[in-house]
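Here's the structure, in structure tokens; my notes come after.
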Amino acid sequence: MTVTYDHLLFEISKKGRRAYSLPESSVEKTELASVLPSHLLREEPAELPELSELQVMRHYTGLSNKNFGIETGFYPLGSCTMKYNPKINEDIARYSGFANIHPLQPEKSAQGALQLMHQLENSLKEVTGMDAISLQPAAGAQGEWAGLLIFKAYHEANGEGDQRRKILVPDSAHGTNPASAVVAGYDVVEIKSNEDGRVGVDALKAAVGPDTAGLMLTNPNTLGLFEVDIVEIAEIVHEAGGLLYYDGANANAILGKSTPGEMGFDVVHLNLHKTFSTPHGGGGPGSGPIGVKAYLTDFMPSPRIEKDGDYYKLTDNHPQSIGRVKGYYGNFGVNVRAYSYIRTMGAEGLQQVSEDAVLHANYLRARLSPYYDTPFSSHCKHEFVLSGNRQKKLGVRTADIAKRLLDYGFYSPTVYFPLIVDEALMIEPTETEAKETLDAFADALIEIAKDAETNPELVTGAPHTKAVKRLDEVTAARKPIVIYQKAHDNS
């Protein structure tokens, strides 16, 4: 067997090899049978790979080199804001006073951490235009769920909990919006977009009523378009007795320009792992703080950070609170990174973030519009959506375009979302990319569009340069093989 370190650890394992050398233990051995019930004891040793330290290091270094991330290439994943994470944030999060504390230690010995979180909450209040912030939720979807529990607590306090059972969600919304509403116990009502990709005001008016608990919306929306009727939309929902929820996934477009509070929203969540440059992907951890207007403060998660003179403390005497939604007080290390980012950028820097993000998106949109269908004519904010319908007529689907981009060294944009755009390509360049990168990406998509006309097989057969070609995605999803099984020699 040629050792290329593309093999599984099990395949290069040899009995007796060790990646460690430990001294003899001075602790008296204990028979497991004396401390564990019999049904938990193995009848034979676990079949674990046996390798040297060097083999282990080469294996995992090789896997790491195959990973694609924002530090290895352009990552224009629409709706995800895959911006560069400055390393100063990592350095600060690793300060011993932050990295070596424990959530159960006395609060008097964690005053610096509590002060940081209190100041982060104040900064996020300014960013959102809200009156109170909780850092507890671990991600955007959990923030949505917590916000909807606040909706429910508010309506119950007003004696309308049984009556207001419906959450309105636009047909272009993130999939987590209707999912979070269902998990929170609500019925979902879809609001159709109008011809320009925004919330249909007439459709909204027809949908609201005494059973409306609220509307979930992001602005700009998932098409990258600003909801120009947002003030009227807020008035319609409020007049019906409902509340407005702001999905903060697209907040990278409005920093320093507008706030959800000014737009009329009552509850908001932010994705610190998007807008505020903390790492995300690979399962987390994330952070999805929620903010509320003053009349909803009593229902916020508990415990809360309060300042008493120069002393910071956690309080849990909040009888109307929805309770704890995350162990301890959220993902502290992520919050430290976001705090570092905000303090580094300052107000002017955060405003420039949005200005550059919007500029980059509109630049790419202008370069690509002659080669791909553009479903909506107005300028976009931080992201935009193209359609591959023109290429579909030539036998090339959006998925083919995404696969072909891999040959150019680019990660694919989000594809087939939002669902209201056929053959959608959702592109978000973020503010951290250089013009040369944007141009190289645009050039690649333009070449793919030309190949779709002259040599479609080149596109439909992509990728051509990767070790793994096209997979049977249906079989992989329905019959995944997730356990290594050693091949047996039956000869």
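Just remember, in the structure tokens the first chain shown is A, the second B, etc., residues are 1-based per chain, and ligands are 1-based in the order shown.
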
For segment 308-323 of chain A, please output as a PyMOL selection string all residues within 12 Å (counting only C-alpha atoms; exclusion window: fewer than 3 positions along the same chain). chain A and resi 103-104+106-119+134+136-137+145-154+156-157+184+296-305+326-329

Only N, CA and C atoms, please: the residues just picked out, written as a compact mmCIF listing (two decimals), in the first residue's frame.
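Output file selection.txt is given in full below:
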```txt
# COMPACT_ATOMS: atom_id res chain seq x y z
N PRO A 103 -17.43 29.34 34.89
CA PRO A 103 -18.75 29.97 35.08
C PRO A 103 -19.31 29.82 36.49
N LEU A 104 -18.78 28.89 37.29
CA LEU A 104 -19.31 28.70 38.64
C LEU A 104 -18.47 29.39 39.71
N PRO A 106 -17.07 32.49 42.05
CA PRO A 106 -17.81 33.62 42.62
C PRO A 106 -17.78 34.83 41.71
N GLU A 107 -18.90 35.55 41.63
CA GLU A 107 -18.98 36.68 40.70
C GLU A 107 -18.00 37.78 41.07
N LYS A 108 -17.62 37.88 42.33
CA LYS A 108 -16.66 38.92 42.70
C LYS A 108 -15.28 38.65 42.11
N SER A 109 -15.02 37.39 41.73
CA SER A 109 -13.73 37.06 41.13
C SER A 109 -13.80 37.06 39.60
N ALA A 110 -14.97 37.42 39.03
CA ALA A 110 -15.14 37.47 37.57
C ALA A 110 -15.68 38.83 37.14
N GLN A 111 -15.29 39.87 37.86
CA GLN A 111 -15.81 41.19 37.57
C GLN A 111 -15.42 41.68 36.17
N GLY A 112 -14.20 41.35 35.74
CA GLY A 112 -13.79 41.79 34.40
C GLY A 112 -14.63 41.17 33.31
N ALA A 113 -14.94 39.87 33.44
CA ALA A 113 -15.77 39.20 32.45
C ALA A 113 -17.18 39.77 32.45
N LEU A 114 -17.74 39.99 33.63
CA LEU A 114 -19.09 40.56 33.71
C LEU A 114 -19.12 41.97 33.16
N GLN A 115 -18.06 42.74 33.42
CA GLN A 115 -18.00 44.11 32.87
C GLN A 115 -17.96 44.07 31.35
N LEU A 116 -17.15 43.17 30.80
CA LEU A 116 -17.07 43.06 29.35
C LEU A 116 -18.44 42.74 28.75
N MET A 117 -19.14 41.78 29.33
CA MET A 117 -20.45 41.40 28.78
C MET A 117 -21.46 42.52 28.94
N HIS A 118 -21.39 43.24 30.06
CA HIS A 118 -22.29 44.37 30.26
C HIS A 118 -22.03 45.45 29.21
N GLN A 119 -20.76 45.73 28.95
CA GLN A 119 -20.43 46.74 27.93
C GLN A 119 -20.79 46.26 26.53
N SER A 134 -29.88 40.44 25.84
CA SER A 134 -29.43 39.23 26.53
C SER A 134 -28.45 38.49 25.62
N GLN A 136 -27.51 35.43 26.14
CA GLN A 136 -27.62 34.00 26.38
C GLN A 136 -27.71 33.12 25.14
N PRO A 137 -28.58 33.42 24.17
CA PRO A 137 -28.79 32.46 23.07
C PRO A 137 -27.49 32.11 22.36
N TRP A 145 -36.07 31.53 18.61
CA TRP A 145 -36.95 30.79 19.51
C TRP A 145 -37.18 31.57 20.80
N ALA A 146 -36.10 32.12 21.38
CA ALA A 146 -36.23 32.89 22.61
C ALA A 146 -37.09 34.14 22.39
N GLY A 147 -36.88 34.80 21.24
CA GLY A 147 -37.68 35.98 20.93
C GLY A 147 -39.16 35.65 20.80
N LEU A 148 -39.47 34.51 20.20
CA LEU A 148 -40.86 34.12 20.05
C LEU A 148 -41.48 33.70 21.39
N LEU A 149 -40.65 33.16 22.29
CA LEU A 149 -41.16 32.89 23.64
C LEU A 149 -41.50 34.20 24.35
N ILE A 150 -40.75 35.26 24.06
CA ILE A 150 -41.07 36.58 24.61
C ILE A 150 -42.38 37.08 24.03
N PHE A 151 -42.58 36.87 22.72
CA PHE A 151 -43.88 37.19 22.11
C PHE A 151 -45.00 36.52 22.92
N LYS A 152 -44.82 35.22 23.14
CA LYS A 152 -45.86 34.43 23.80
C LYS A 152 -46.10 34.94 25.23
N ALA A 153 -45.01 35.22 25.96
CA ALA A 153 -45.14 35.71 27.33
C ALA A 153 -45.85 37.06 27.35
N TYR A 154 -45.55 37.91 26.39
CA TYR A 154 -46.18 39.22 26.30
C TYR A 154 -47.68 39.10 26.07
N GLU A 156 -49.57 36.49 26.64
CA GLU A 156 -50.21 35.84 27.79
C GLU A 156 -50.40 36.84 28.93
N ALA A 157 -49.42 37.73 29.13
CA ALA A 157 -49.55 38.74 30.18
C ALA A 157 -50.71 39.69 29.90
N ALA A 184 -41.84 27.06 18.83
CA ALA A 184 -42.38 27.90 19.90
C ALA A 184 -43.88 27.69 20.09
N LEU A 296 -40.91 45.05 26.82
CA LEU A 296 -40.74 43.59 26.83
C LEU A 296 -39.62 43.14 27.75
N THR A 297 -38.99 44.08 28.45
CA THR A 297 -37.82 43.76 29.27
C THR A 297 -38.13 42.72 30.34
N ASP A 298 -39.32 42.79 30.94
CA ASP A 298 -39.66 41.86 32.02
C ASP A 298 -39.63 40.40 31.58
N PHE A 299 -39.76 40.16 30.28
CA PHE A 299 -39.85 38.79 29.79
C PHE A 299 -38.50 38.24 29.32
N MET A 300 -37.47 39.04 29.39
CA MET A 300 -36.14 38.63 28.90
C MET A 300 -35.62 37.41 29.66
N PRO A 301 -34.70 36.65 29.02
CA PRO A 301 -34.11 35.50 29.73
C PRO A 301 -33.44 35.92 31.03
N SER A 302 -33.33 34.96 31.93
CA SER A 302 -32.67 35.15 33.21
C SER A 302 -31.65 34.03 33.38
N PRO A 303 -30.51 34.32 34.02
CA PRO A 303 -30.13 35.54 34.75
C PRO A 303 -29.72 36.68 33.82
N ARG A 304 -29.63 37.86 34.42
CA ARG A 304 -29.24 39.06 33.68
C ARG A 304 -28.07 39.74 34.39
N ILE A 305 -27.30 40.46 33.60
CA ILE A 305 -26.17 41.21 34.16
C ILE A 305 -26.65 42.60 34.53
N LYS A 326 -29.96 29.14 27.84
CA LYS A 326 -28.62 28.61 27.56
C LYS A 326 -27.87 28.44 28.87
N GLY A 327 -27.12 27.38 29.00
CA GLY A 327 -26.36 27.16 30.21
C GLY A 327 -25.45 28.33 30.53
N TYR A 328 -25.39 28.70 31.80
CA TYR A 328 -24.57 29.80 32.27
C TYR A 328 -25.00 31.09 31.57
N TYR A 329 -24.10 31.76 30.85
CA TYR A 329 -24.51 33.02 30.22
C TYR A 329 -24.03 33.11 28.78
```

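For segment 233-371 of chain A, the set of residues given strand (DSSP E or B) by DSSP on the backbone reads Leu243, Leu244, Tyr245, Tyr246, Asp247, Gly248, Val267, Val268, His269, Leu270, Ile290, Gly291, Val292, Arg304, Ile305, Glu306, Lys307, Asp308, Tyr311, Tyr312, Lys313, Leu314, Thr315, Tyr328 and Gly330 of chain A.
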
Can you pull out every residue from segment 40-277 of chain A that DSSP, working from the backbone, puts in helix (DSSP H, G or I), and format the result as a count of residues only? 97

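In this model, the gap between atom CA of Glu355 of chain A and atom CA of Leu406 of chain A comes to 28.9 Å.
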
Neighbours of Phe10 of chain A within 12 Å (only C-alpha atoms; same-chain residues fewer than 3 positions away dropped), as a PyMOL selection string? chain A and resi 5-7+13-15+47-51+55-56+59+483-487

Atom CA of Thr454 of chain A sits from atom CA of Glu436 of chain A at a separation of 26.7 Å

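Straight-line separation from atom CA of Val182 of chain A to atom CA of Val169 of chain A: 11.5 Å.
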
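Minimum atom-to-atom distances from A:Lys293, A:Lys479, A:Lys83, A:Lys166 to Pro210 of chain A were compared using only C-alpha atoms, and the lowest value belongs to A:Lys166.
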
List as number ranges by chain the protein and nucleic acid residues near segment 337-347 of chain A, meaning an atom at most 9 Å away when only C-alpha atoms are counted, but skip any in the same chain fewer than 6 places from it. A: 85-86, 88-93, 116-117, 119-120, 123, 255-256, 272-273, 275-279, 353

Taking only C-alpha atoms into account, produce a table as a Markdown table in which each residue of segment 164-215 of chain A with an atom at most 9 Å from an atom of segment 366-376 of chain A appears once, together with its shortest atom pair and the distance in Å to one decimal, ordered by chain and rising number.
```
| residue | atom | partner | partner_atom | distance |
| --- | --- | --- | --- | --- |
| A:Glu195 | CA | A:Phe376 | CA | 8.3 |
| A:Asp196 | CA | A:Phe376 | CA | 6.0 |
| A:Gly197 | CA | A:Phe376 | CA | 6.8 |
```

Pick from A:Tyr245, A:Tyr60, A:Tyr295, A:Tyr84 nearest to Ala132 of chain A, counting only C-alpha atoms: A:Tyr295

Write out as a VMD selection string each polymer residue whose atoms come within 9 Å of segment 429-433 of chain A, counting only C-alpha atoms; drop sequence neighbours fewer than 3 positions from it. chain A and resid 74 to 78 81 to 84 252 352 to 361 364 382 to 383 436 to 438
